[in-house]
file entry.tsv (TSV, N, CA and C atoms)
chain	number	residue	atom	x	y	z
A	1	MET	N	152.03	4.78	16.01
A	1	MET	CA	153.27	4.24	15.46
A	1	MET	C	154.39	5.21	15.80
A	2	ASP	N	155.47	4.66	16.32
A	2	ASP	CA	156.55	5.56	16.70
A	2	ASP	C	157.35	6.02	15.48
A	3	ALA	N	157.97	7.18	15.61
A	3	ALA	CA	158.66	7.83	14.49
A	3	ALA	C	159.79	6.94	13.94
A	4	HIS	N	160.45	6.20	14.81
A	4	HIS	CA	161.54	5.33	14.36
A	4	HIS	C	161.03	4.28	13.38
A	5	ILE	N	159.93	3.64	13.70
A	5	ILE	CA	159.37	2.60	12.82
A	5	ILE	C	158.99	3.21	11.48
A	6	LYS	N	158.34	4.36	11.52
A	6	LYS	CA	157.93	5.02	10.27
A	6	LYS	C	159.15	5.38	9.43
A	7	LYS	N	160.18	5.90	10.08
A	7	LYS	CA	161.39	6.30	9.36
A	7	LYS	C	162.10	5.09	8.74
A	8	VAL	N	162.14	3.98	9.44
A	8	VAL	CA	162.85	2.79	8.97
A	8	VAL	C	162.08	2.08	7.85
A	9	TYR	N	160.74	2.07	7.94
A	9	TYR	CA	159.97	1.23	7.03
A	9	TYR	C	159.20	1.95	5.93
A	10	VAL	N	159.08	3.27	5.98
A	10	VAL	CA	158.34	3.97	4.93
A	10	VAL	C	159.25	5.03	4.34
A	11	PRO	N	159.55	4.98	3.03
A	11	PRO	CA	159.09	3.99	2.06
A	11	PRO	C	159.73	2.63	2.30
A	12	MET	N	159.03	1.59	1.89
A	12	MET	CA	159.48	0.23	2.12
A	12	MET	C	160.30	-0.28	0.94
A	13	THR	N	161.16	-1.22	1.26
A	13	THR	CA	161.82	-1.97	0.19
A	13	THR	C	160.80	-2.95	-0.38
A	14	GLU	N	161.05	-3.43	-1.57
A	14	GLU	CA	160.16	-4.45	-2.13
A	14	GLU	C	160.14	-5.69	-1.26
A	15	THR	N	161.28	-6.05	-0.72
A	15	THR	CA	161.36	-7.21	0.16
A	15	THR	C	160.42	-7.04	1.36
A	16	GLY	N	160.54	-5.91	2.04
A	16	GLY	CA	159.70	-5.66	3.21
A	16	GLY	C	158.23	-5.63	2.85
A	17	PHE	N	157.91	-4.98	1.75
A	17	PHE	CA	156.52	-4.90	1.29
A	17	PHE	C	155.94	-6.28	1.06
A	18	TYR	N	156.64	-7.10	0.30
A	18	TYR	CA	156.12	-8.42	-0.01
A	18	TYR	C	156.06	-9.34	1.21
A	19	ILE	N	157.00	-9.22	2.11
A	19	ILE	CA	156.93	-10.03	3.33
A	19	ILE	C	155.67	-9.69	4.12
A	20	LEU	N	155.44	-8.41	4.36
A	20	LEU	CA	154.24	-8.03	5.11
A	20	LEU	C	152.97	-8.43	4.37
A	21	LEU	N	152.96	-8.22	3.08
A	21	LEU	CA	151.78	-8.59	2.28
A	21	LEU	C	151.51	-10.09	2.40
A	22	CYS	N	152.55	-10.89	2.29
A	22	CYS	CA	152.39	-12.34	2.36
A	22	CYS	C	152.00	-12.81	3.76
A	23	LEU	N	152.37	-12.06	4.78
A	23	LEU	CA	152.07	-12.49	6.15
A	23	LEU	C	150.71	-12.02	6.64
A	24	LYS	N	149.87	-11.54	5.73
A	24	LYS	CA	148.48	-11.31	6.10
A	24	LYS	C	147.83	-12.65	6.45
A	25	GLN	N	148.42	-13.71	5.90
A	25	GLN	CA	148.06	-15.09	6.25
A	25	GLN	C	149.30	-15.73	6.87
A	26	PRO	N	149.15	-16.56	7.90
A	26	PRO	CA	150.33	-17.19	8.50
A	26	PRO	C	151.15	-17.93	7.44
A	27	ASN	N	152.47	-17.78	7.54
A	27	ASN	CA	153.35	-18.41	6.55
A	27	ASN	C	154.75	-18.53	7.14
A	28	HIS	N	155.59	-19.30	6.49
A	28	HIS	CA	157.00	-19.46	6.87
A	28	HIS	C	157.86	-18.88	5.76
A	29	GLY	N	159.16	-18.75	6.03
A	29	GLY	CA	160.07	-18.11	5.08
A	29	GLY	C	160.03	-18.69	3.68
A	30	TYR	N	160.12	-20.00	3.57
A	30	TYR	CA	160.12	-20.60	2.24
A	30	TYR	C	158.79	-20.36	1.53
A	31	GLY	N	157.70	-20.41	2.28
A	31	GLY	CA	156.38	-20.14	1.71
A	31	GLY	C	156.29	-18.71	1.18
A	32	ILE	N	156.90	-17.78	1.89
A	32	ILE	CA	156.92	-16.38	1.44
A	32	ILE	C	157.73	-16.27	0.15
A	33	VAL	N	158.90	-16.91	0.12
A	33	VAL	CA	159.73	-16.89	-1.08
A	33	VAL	C	158.93	-17.37	-2.29
A	34	GLN	N	158.22	-18.47	-2.12
A	34	GLN	CA	157.43	-19.04	-3.22
A	34	GLN	C	156.28	-18.11	-3.63
A	35	LYS	N	155.61	-17.51	-2.66
A	35	LYS	CA	154.48	-16.63	-2.96
A	35	LYS	C	154.96	-15.36	-3.69
A	36	VAL	N	156.08	-14.80	-3.26
A	36	VAL	CA	156.62	-13.61	-3.91
A	36	VAL	C	157.02	-13.94	-5.35
A	37	LYS	N	157.65	-15.08	-5.53
A	37	LYS	CA	158.03	-15.51	-6.88
A	37	LYS	C	156.78	-15.62	-7.76
A	38	GLU	N	155.71	-16.18	-7.21
A	38	GLU	CA	154.45	-16.32	-7.94
A	38	GLU	C	153.83	-14.95	-8.24
A	39	LEU	N	153.75	-14.09	-7.22
A	39	LEU	CA	153.12	-12.76	-7.39
A	39	LEU	C	153.85	-11.89	-8.42
A	40	THR	N	155.16	-12.07	-8.51
A	40	THR	CA	155.96	-11.21	-9.39
A	40	THR	C	156.37	-11.91	-10.68
A	41	ALA	N	155.75	-13.04	-10.97
A	41	ALA	CA	156.06	-13.83	-12.17
A	41	ALA	C	157.57	-14.11	-12.27
A	42	GLY	N	158.20	-14.34	-11.12
A	42	GLY	CA	159.61	-14.68	-11.09
A	42	GLY	C	160.56	-13.50	-11.15
A	43	ASP	N	160.03	-12.28	-11.18
A	43	ASP	CA	160.90	-11.10	-11.24
A	43	ASP	C	161.64	-10.86	-9.93
A	44	ILE	N	161.04	-11.24	-8.82
A	44	ILE	CA	161.68	-11.08	-7.51
A	44	ILE	C	161.80	-12.44	-6.87
A	45	ILE	N	163.04	-12.82	-6.58
A	45	ILE	CA	163.31	-14.07	-5.89
A	45	ILE	C	164.12	-13.72	-4.65
A	46	LEU	N	163.52	-13.90	-3.50
A	46	LEU	CA	164.17	-13.53	-2.24
A	46	LEU	C	165.18	-14.60	-1.84
A	47	SER	N	166.39	-14.17	-1.55
A	47	SER	CA	167.42	-15.11	-1.10
A	47	SER	C	167.16	-15.45	0.38
A	48	PRO	N	167.62	-16.61	0.82
A	48	PRO	CA	167.42	-16.98	2.22
A	48	PRO	C	167.99	-15.96	3.20
A	49	GLY	N	169.17	-15.43	2.91
A	49	GLY	CA	169.78	-14.44	3.80
A	49	GLY	C	168.94	-13.19	3.94
A	50	THR	N	168.44	-12.70	2.82
A	50	THR	CA	167.58	-11.52	2.82
A	50	THR	C	166.29	-11.81	3.57
A	51	MET	N	165.69	-12.96	3.25
A	51	MET	CA	164.41	-13.33	3.86
A	51	MET	C	164.52	-13.44	5.37
A	52	TYR	N	165.48	-14.23	5.84
A	52	TYR	CA	165.55	-14.49	7.28
A	52	TYR	C	166.08	-13.29	8.05
A	53	GLY	N	166.94	-12.48	7.43
A	53	GLY	CA	167.37	-11.24	8.06
A	53	GLY	C	166.21	-10.27	8.22
A	54	SER	N	165.37	-10.18	7.19
A	54	SER	CA	164.20	-9.29	7.24
A	54	SER	C	163.18	-9.78	8.25
A	55	LEU	N	162.93	-11.08	8.27
A	55	LEU	CA	161.98	-11.63	9.25
A	55	LEU	C	162.45	-11.34	10.67
A	56	SER	N	163.74	-11.53	10.92
A	56	SER	CA	164.29	-11.29	12.26
A	56	SER	C	164.12	-9.82	12.66
A	57	LYS	N	164.46	-8.91	11.76
A	57	LYS	CA	164.34	-7.48	12.06
A	57	LYS	C	162.88	-7.08	12.26
A	58	MET	N	162.00	-7.56	11.39
A	58	MET	CA	160.58	-7.22	11.51
A	58	MET	C	159.98	-7.77	12.79
A	59	GLU	N	160.42	-8.95	13.19
A	59	GLU	CA	159.92	-9.51	14.45
A	59	GLU	C	160.41	-8.67	15.62
A	60	LYS	N	161.68	-8.31	15.61
A	60	LYS	CA	162.26	-7.48	16.68
A	60	LYS	C	161.54	-6.14	16.77
A	61	ASP	N	161.17	-5.57	15.61
A	61	ASP	CA	160.50	-4.27	15.58
A	61	ASP	C	159.00	-4.36	15.81
A	62	GLY	N	158.46	-5.58	15.91
A	62	GLY	CA	157.05	-5.74	16.24
A	62	GLY	C	156.09	-5.71	15.06
A	63	LEU	N	156.61	-5.81	13.83
A	63	LEU	CA	155.74	-5.80	12.64
A	63	LEU	C	155.14	-7.17	12.35
A	64	ILE	N	155.84	-8.20	12.78
A	64	ILE	CA	155.36	-9.58	12.63
A	64	ILE	C	155.60	-10.29	13.95
A	65	HIS	N	154.94	-11.43	14.13
A	65	HIS	CA	155.23	-12.23	15.31
A	65	HIS	C	155.20	-13.71	14.96
A	66	PHE	N	156.02	-14.46	15.69
A	66	PHE	CA	156.09	-15.91	15.57
A	66	PHE	C	154.82	-16.47	16.18
A	67	ILE	N	154.15	-17.39	15.47
A	67	ILE	CA	152.94	-17.97	16.05
A	67	ILE	C	153.06	-19.45	16.37
A	68	ARG	N	153.89	-20.18	15.62
A	68	ARG	CA	154.08	-21.60	15.93
A	68	ARG	C	155.17	-22.17	15.02
A	69	GLU	N	155.54	-23.40	15.32
A	69	GLU	CA	156.51	-24.11	14.48
A	69	GLU	C	155.81	-25.34	13.91
A	70	GLU	N	156.02	-25.55	12.62
A	70	GLU	CA	155.48	-26.73	11.93
A	70	GLU	C	156.59	-27.38	11.14
A	71	GLU	N	156.89	-28.63	11.44
A	71	GLU	CA	157.91	-29.37	10.73
A	71	GLU	C	159.22	-28.57	10.61
A	72	LYS	N	159.66	-28.03	11.72
A	72	LYS	CA	160.91	-27.25	11.83
A	72	LYS	C	160.86	-25.93	11.08
A	73	ARG	N	159.68	-25.48	10.68
A	73	ARG	CA	159.53	-24.18	10.03
A	73	ARG	C	158.79	-23.24	10.96
A	74	LYS	N	159.36	-22.03	11.11
A	74	LYS	CA	158.71	-21.02	11.96
A	74	LYS	C	157.62	-20.33	11.15
A	75	ILE	N	156.43	-20.29	11.72
A	75	ILE	CA	155.29	-19.65	11.08
A	75	ILE	C	155.10	-18.27	11.71
A	76	TYR	N	155.01	-17.26	10.85
A	76	TYR	CA	154.84	-15.87	11.29
A	76	TYR	C	153.53	-15.31	10.76
A	77	GLN	N	153.09	-14.21	11.39
A	77	GLN	CA	151.93	-13.48	10.90
A	77	GLN	C	152.15	-12.00	11.19
A	78	ILE	N	151.55	-11.17	10.37
A	78	ILE	CA	151.65	-9.72	10.53
A	78	ILE	C	150.92	-9.30	11.82
A	79	THR	N	151.44	-8.27	12.49
A	79	THR	CA	150.81	-7.72	13.69
A	79	THR	C	149.99	-6.48	13.29
A	80	GLU	N	149.31	-5.90	14.25
A	80	GLU	CA	148.57	-4.67	13.99
A	80	GLU	C	149.51	-3.55	13.55
A	81	LEU	N	150.68	-3.46	14.19
A	81	LEU	CA	151.67	-2.47	13.78
A	81	LEU	C	152.11	-2.72	12.35
A	82	GLY	N	152.34	-3.97	12.01
A	82	GLY	CA	152.72	-4.32	10.64
A	82	GLY	C	151.64	-3.94	9.65
A	83	LYS	N	150.37	-4.15	10.02
A	83	LYS	CA	149.26	-3.76	9.15
A	83	LYS	C	149.22	-2.25	8.97
A	84	ASP	N	149.51	-1.51	10.03
A	84	ASP	CA	149.55	-0.04	9.92
A	84	ASP	C	150.66	0.42	8.99
A	85	VAL	N	151.83	-0.19	9.12
A	85	VAL	CA	152.96	0.16	8.25
A	85	VAL	C	152.63	-0.20	6.79
A	86	LEU	N	152.05	-1.36	6.57
A	86	LEU	CA	151.67	-1.78	5.22
A	86	LEU	C	150.62	-0.82	4.64
A	87	ALA	N	149.67	-0.39	5.45
A	87	ALA	CA	148.65	0.56	4.98
A	87	ALA	C	149.28	1.90	4.59
A	88	LEU	N	150.25	2.36	5.36
A	88	LEU	CA	150.96	3.61	5.01
A	88	LEU	C	151.66	3.47	3.66
A	89	GLU	N	152.31	2.34	3.48
A	89	GLU	CA	153.02	2.11	2.22
A	89	GLU	C	152.04	2.01	1.06
A	90	LEU	N	150.91	1.35	1.26
A	90	LEU	CA	149.92	1.26	0.19
A	90	LEU	C	149.39	2.64	-0.19
A	91	LYS	N	149.16	3.50	0.79
A	91	LYS	CA	148.73	4.88	0.49
A	91	LYS	C	149.78	5.61	-0.32
A	92	ARG	N	151.06	5.41	0.05
A	92	ARG	CA	152.16	6.06	-0.67
A	92	ARG	C	152.20	5.57	-2.11
A	93	ILE	N	152.07	4.27	-2.32
A	93	ILE	CA	152.09	3.71	-3.67
A	93	ILE	C	150.89	4.19	-4.48
A	94	GLU	N	149.73	4.24	-3.86
A	94	GLU	CA	148.53	4.74	-4.55
A	94	GLU	C	148.70	6.20	-4.97
A	95	ARG	N	149.31	7.01	-4.10
A	95	ARG	CA	149.58	8.41	-4.44
A	95	ARG	C	150.53	8.50	-5.63
A	96	LEU	N	151.58	7.70	-5.61
A	96	LEU	CA	152.52	7.69	-6.74
A	96	LEU	C	151.80	7.32	-8.03
A	97	TYR	N	151.00	6.29	-7.97
A	97	TYR	CA	150.27	5.83	-9.15
A	97	TYR	C	149.31	6.91	-9.65
A	98	ARG	N	148.58	7.52	-8.74
A	98	ARG	CA	147.64	8.59	-9.09
A	98	ARG	C	148.38	9.77	-9.74
A	99	ASN	N	149.52	10.14	-9.17
A	99	ASN	CA	150.29	11.25	-9.73
A	99	ASN	C	150.82	10.93	-11.12
A	100	ILE	N	151.26	9.72	-11.32
A	100	ILE	CA	151.73	9.31	-12.65
A	100	ILE	C	150.60	9.42	-13.67
A	101	LYS	N	149.42	8.91	-13.30
A	101	LYS	CA	148.28	8.94	-14.21
A	101	LYS	C	147.88	10.38	-14.56
A	102	GLU	N	148.00	11.29	-13.60
A	102	GLU	CA	147.66	12.69	-13.85
A	102	GLU	C	148.65	13.38	-14.77
A	103	MET	N	149.90	12.92	-14.74
A	103	MET	CA	150.95	13.58	-15.51
A	103	MET	C	151.14	13.00	-16.91
A	104	VAL	N	150.57	11.84	-17.16
A	104	VAL	CA	150.76	11.18	-18.46
A	104	VAL	C	149.63	11.53	-19.40
call {"tool": "encode", "arguments": {"input": "entry.tsv", "output": "structure tokens"}}
result
Amino acid sequence: MDAHIKKVYVPMTETGFYILLCLKQPNHGYGIVQKVKELTAGDIILSPGTMYGSLSKMEKDGLIHFIREEEKRKIYQITELGKDVLALELKRIERLYRNIKEMV
């Protein structure tokens, strides 16, 4: 993984984290919005501008790729690079959680 990608994406925003997490299975923007809303019990609702801007940037950076179009919806999936970035973020979150538990 190149240093630029690591610098830009780790630590991740919640938006970026949830997009990559949701794209472990092929999905489209609206499907991601709905899944994030479900996963967070409505605490996070991604706006279309945020969603599509993030998808565009992640695709350009190689974290996700377009796989097909269905009923005018672009379907994306996480790439190997995206999986590596997500794994780095998960390790970071696990470390934070572990440290909190040790200090409380």
call {"tool": "select_by_dssp", "arguments": {"input": "entry.tsv", "residues": "chain A", "states": "strand (DSSP E or B)", "output": "ChimeraX atom specification"}}
result
/A:27,64-70,73-78
call {"tool": "atom_distance", "arguments": {"input": "entry.tsv", "atom1": "atom N of A:Met12", "atom2": "atom CA of A:Met58"}}
result
13.1 Å
call {"tool": "select_by_dssp", "arguments": {"input": "entry.tsv", "residues": "stretch 5-87 of chain A", "states": "helix (DSSP H, G or I)", "output": "ChimeraX atom specification"}}
result
/A:5-9,14-22,29-39,48-61,80-87
call {"tool": "atom_distance", "arguments": {"input": "entry.tsv", "atom1": "atom N of A:Ser54", "atom2": "atom N of A:Ala87"}}
result
18.6 Å
call {"tool": "closest_residue", "arguments": {"input": "entry.tsv", "among": "A:Glu80, A:Asp61, A:Glu89, A:Asp43", "to": "A:Phe17", "atoms": "only N, CA and C atoms"}}
result
A:Glu89
call {"tool": "closest_residue", "arguments": {"input": "entry.tsv", "among": "A:Tyr30, A:Phe66, A:Tyr76, A:Tyr97", "to": "A:Thr50", "atoms": "only C-alpha atoms"}}
result
A:Tyr30
call {"tool": "closest_residue", "arguments": {"input": "entry.tsv", "among": "A:Asp2, A:Ile44, A:Val104, A:Arg73", "to": "A:His28", "atoms": "only C-alpha atoms"}}
result
A:Arg73
call {"tool": "closest_residue", "arguments": {"input": "entry.tsv", "among": "A:Ile75, A:His4, A:Pro11, A:Leu46", "to": "A:Lys91", "atoms": "only C-alpha atoms"}}
result
A:Pro11
call {"tool": "residues_around", "arguments": {"input": "entry.tsv", "residues": "A:Lys60", "least_positions_apart": "5", "cutoff": "12 Å", "atoms": "only C-alpha atoms", "output": "MDAnalysis selection string"}}
result
chainID A and resid 5 53:55 65:66 79 82
call {"tool": "decode", "arguments": {"input": "entry.tsv", "residues": "chain A", "atoms": "C-alpha atoms", "output": "compact mmCIF listing (two decimals), in the first residue's frame"}}
result
# COMPACT_ATOMS: atom_id res chain seq x y z
CA MET A 1 0.00 0.00 0.00
CA ASP A 2 1.45 3.33 -0.94
CA ALA A 3 2.06 5.98 1.71
CA HIS A 4 -0.41 8.41 0.11
CA ILE A 5 -3.32 5.97 0.44
CA LYS A 6 -2.43 5.20 4.05
CA LYS A 7 -2.12 8.90 4.88
CA VAL A 8 -5.46 9.79 3.24
CA TYR A 9 -7.52 6.89 4.60
CA VAL A 10 -6.10 5.94 8.02
CA PRO A 11 -7.62 6.95 10.36
CA MET A 12 -10.84 6.72 8.38
CA THR A 13 -13.92 8.84 8.55
CA GLU A 14 -17.07 7.02 9.59
CA THR A 15 -18.37 7.52 6.07
CA GLY A 16 -15.33 5.86 4.51
CA PHE A 17 -15.36 3.05 7.04
CA TYR A 18 -19.01 2.20 6.48
CA ILE A 19 -18.74 2.41 2.70
CA LEU A 20 -15.87 -0.07 2.61
CA LEU A 21 -17.57 -2.31 5.16
CA CYS A 22 -20.79 -2.33 3.13
CA LEU A 23 -18.94 -3.03 -0.11
CA LYS A 24 -17.62 -6.36 1.10
CA GLN A 25 -20.74 -7.41 -0.82
CA PRO A 26 -21.59 -5.74 -4.16
CA ASN A 27 -23.91 -2.79 -3.60
CA HIS A 28 -24.99 0.59 -4.99
CA GLY A 29 -25.04 4.01 -3.31
CA TYR A 30 -28.62 3.91 -2.12
CA GLY A 31 -28.15 0.37 -0.81
CA ILE A 32 -25.13 1.54 1.18
CA VAL A 33 -27.12 4.46 2.62
CA GLN A 34 -29.83 2.05 3.76
CA LYS A 35 -27.37 -0.48 5.22
CA VAL A 36 -25.48 2.21 7.17
CA LYS A 37 -28.76 3.56 8.53
CA GLU A 38 -29.65 0.02 9.63
CA LEU A 39 -26.21 -0.76 11.13
CA THR A 40 -26.17 2.48 13.14
CA ALA A 41 -29.85 2.41 14.19
CA GLY A 42 -30.35 5.65 12.27
CA ASP A 43 -27.49 7.52 13.96
CA ILE A 44 -25.63 7.94 10.66
CA ILE A 45 -27.51 8.89 7.52
CA LEU A 46 -25.25 9.47 4.53
CA SER A 47 -26.32 12.30 2.24
CA PRO A 48 -26.22 11.67 -1.52
CA GLY A 49 -23.46 14.26 -2.00
CA THR A 50 -21.26 12.67 0.64
CA MET A 51 -21.99 9.17 -0.62
CA TYR A 52 -21.33 9.77 -4.29
CA GLY A 53 -18.32 12.01 -3.66
CA SER A 54 -16.79 9.30 -1.47
CA LEU A 55 -17.55 6.54 -3.98
CA SER A 56 -15.93 8.58 -6.76
CA LYS A 57 -12.79 9.28 -4.71
CA MET A 58 -12.49 5.68 -3.49
CA GLU A 59 -12.88 4.37 -7.03
CA LYS A 60 -10.22 6.79 -8.31
CA ASP A 61 -7.88 5.70 -5.50
CA GLY A 62 -8.48 2.01 -6.22
CA LEU A 63 -10.25 1.05 -2.96
CA ILE A 64 -13.44 0.05 -4.75
CA HIS A 65 -14.33 -0.76 -8.33
CA PHE A 66 -17.41 -0.54 -10.51
CA ILE A 67 -18.64 -4.02 -11.42
CA ARG A 68 -21.91 -3.49 -13.30
CA GLU A 69 -25.01 -1.38 -13.70
CA GLU A 70 -28.46 -2.57 -12.65
CA GLU A 71 -31.56 -0.50 -13.33
CA LYS A 72 -29.47 2.68 -13.72
CA ARG A 73 -27.64 2.00 -10.44
CA LYS A 74 -23.88 1.54 -10.39
CA ILE A 75 -22.84 -1.52 -8.39
CA TYR A 76 -19.46 -1.35 -6.63
CA GLN A 77 -17.34 -3.78 -4.64
CA ILE A 78 -14.30 -3.41 -2.42
CA THR A 79 -10.89 -4.21 -3.99
CA GLU A 80 -7.92 -5.93 -2.36
CA LEU A 81 -6.44 -2.50 -1.61
CA GLY A 82 -9.73 -1.48 -0.02
CA LYS A 83 -9.69 -4.65 2.10
CA ASP A 84 -6.15 -3.82 3.23
CA VAL A 85 -7.15 -0.28 4.19
CA LEU A 86 -10.23 -1.58 6.04
CA ALA A 87 -8.09 -4.14 7.89
CA LEU A 88 -5.68 -1.38 9.00
CA GLU A 89 -8.58 0.67 10.29
CA LEU A 90 -10.06 -2.32 12.11
CA LYS A 91 -6.70 -2.93 13.84
CA ARG A 92 -6.61 0.74 14.85
CA ILE A 93 -10.15 0.58 16.26
CA GLU A 94 -9.39 -2.66 18.11
CA ARG A 95 -6.29 -1.05 19.66
CA LEU A 96 -8.35 1.95 20.78
CA TYR A 97 -10.97 -0.34 22.30
CA ARG A 98 -8.34 -2.47 24.03
CA ASN A 99 -6.64 0.63 25.46
CA ILE A 100 -9.93 2.00 26.75
CA LYS A 101 -10.72 -1.30 28.47
CA GLU A 102 -7.28 -1.33 30.12
CA MET A 103 -7.67 2.21 31.44
CA VAL A 104 -11.21 1.91 32.80
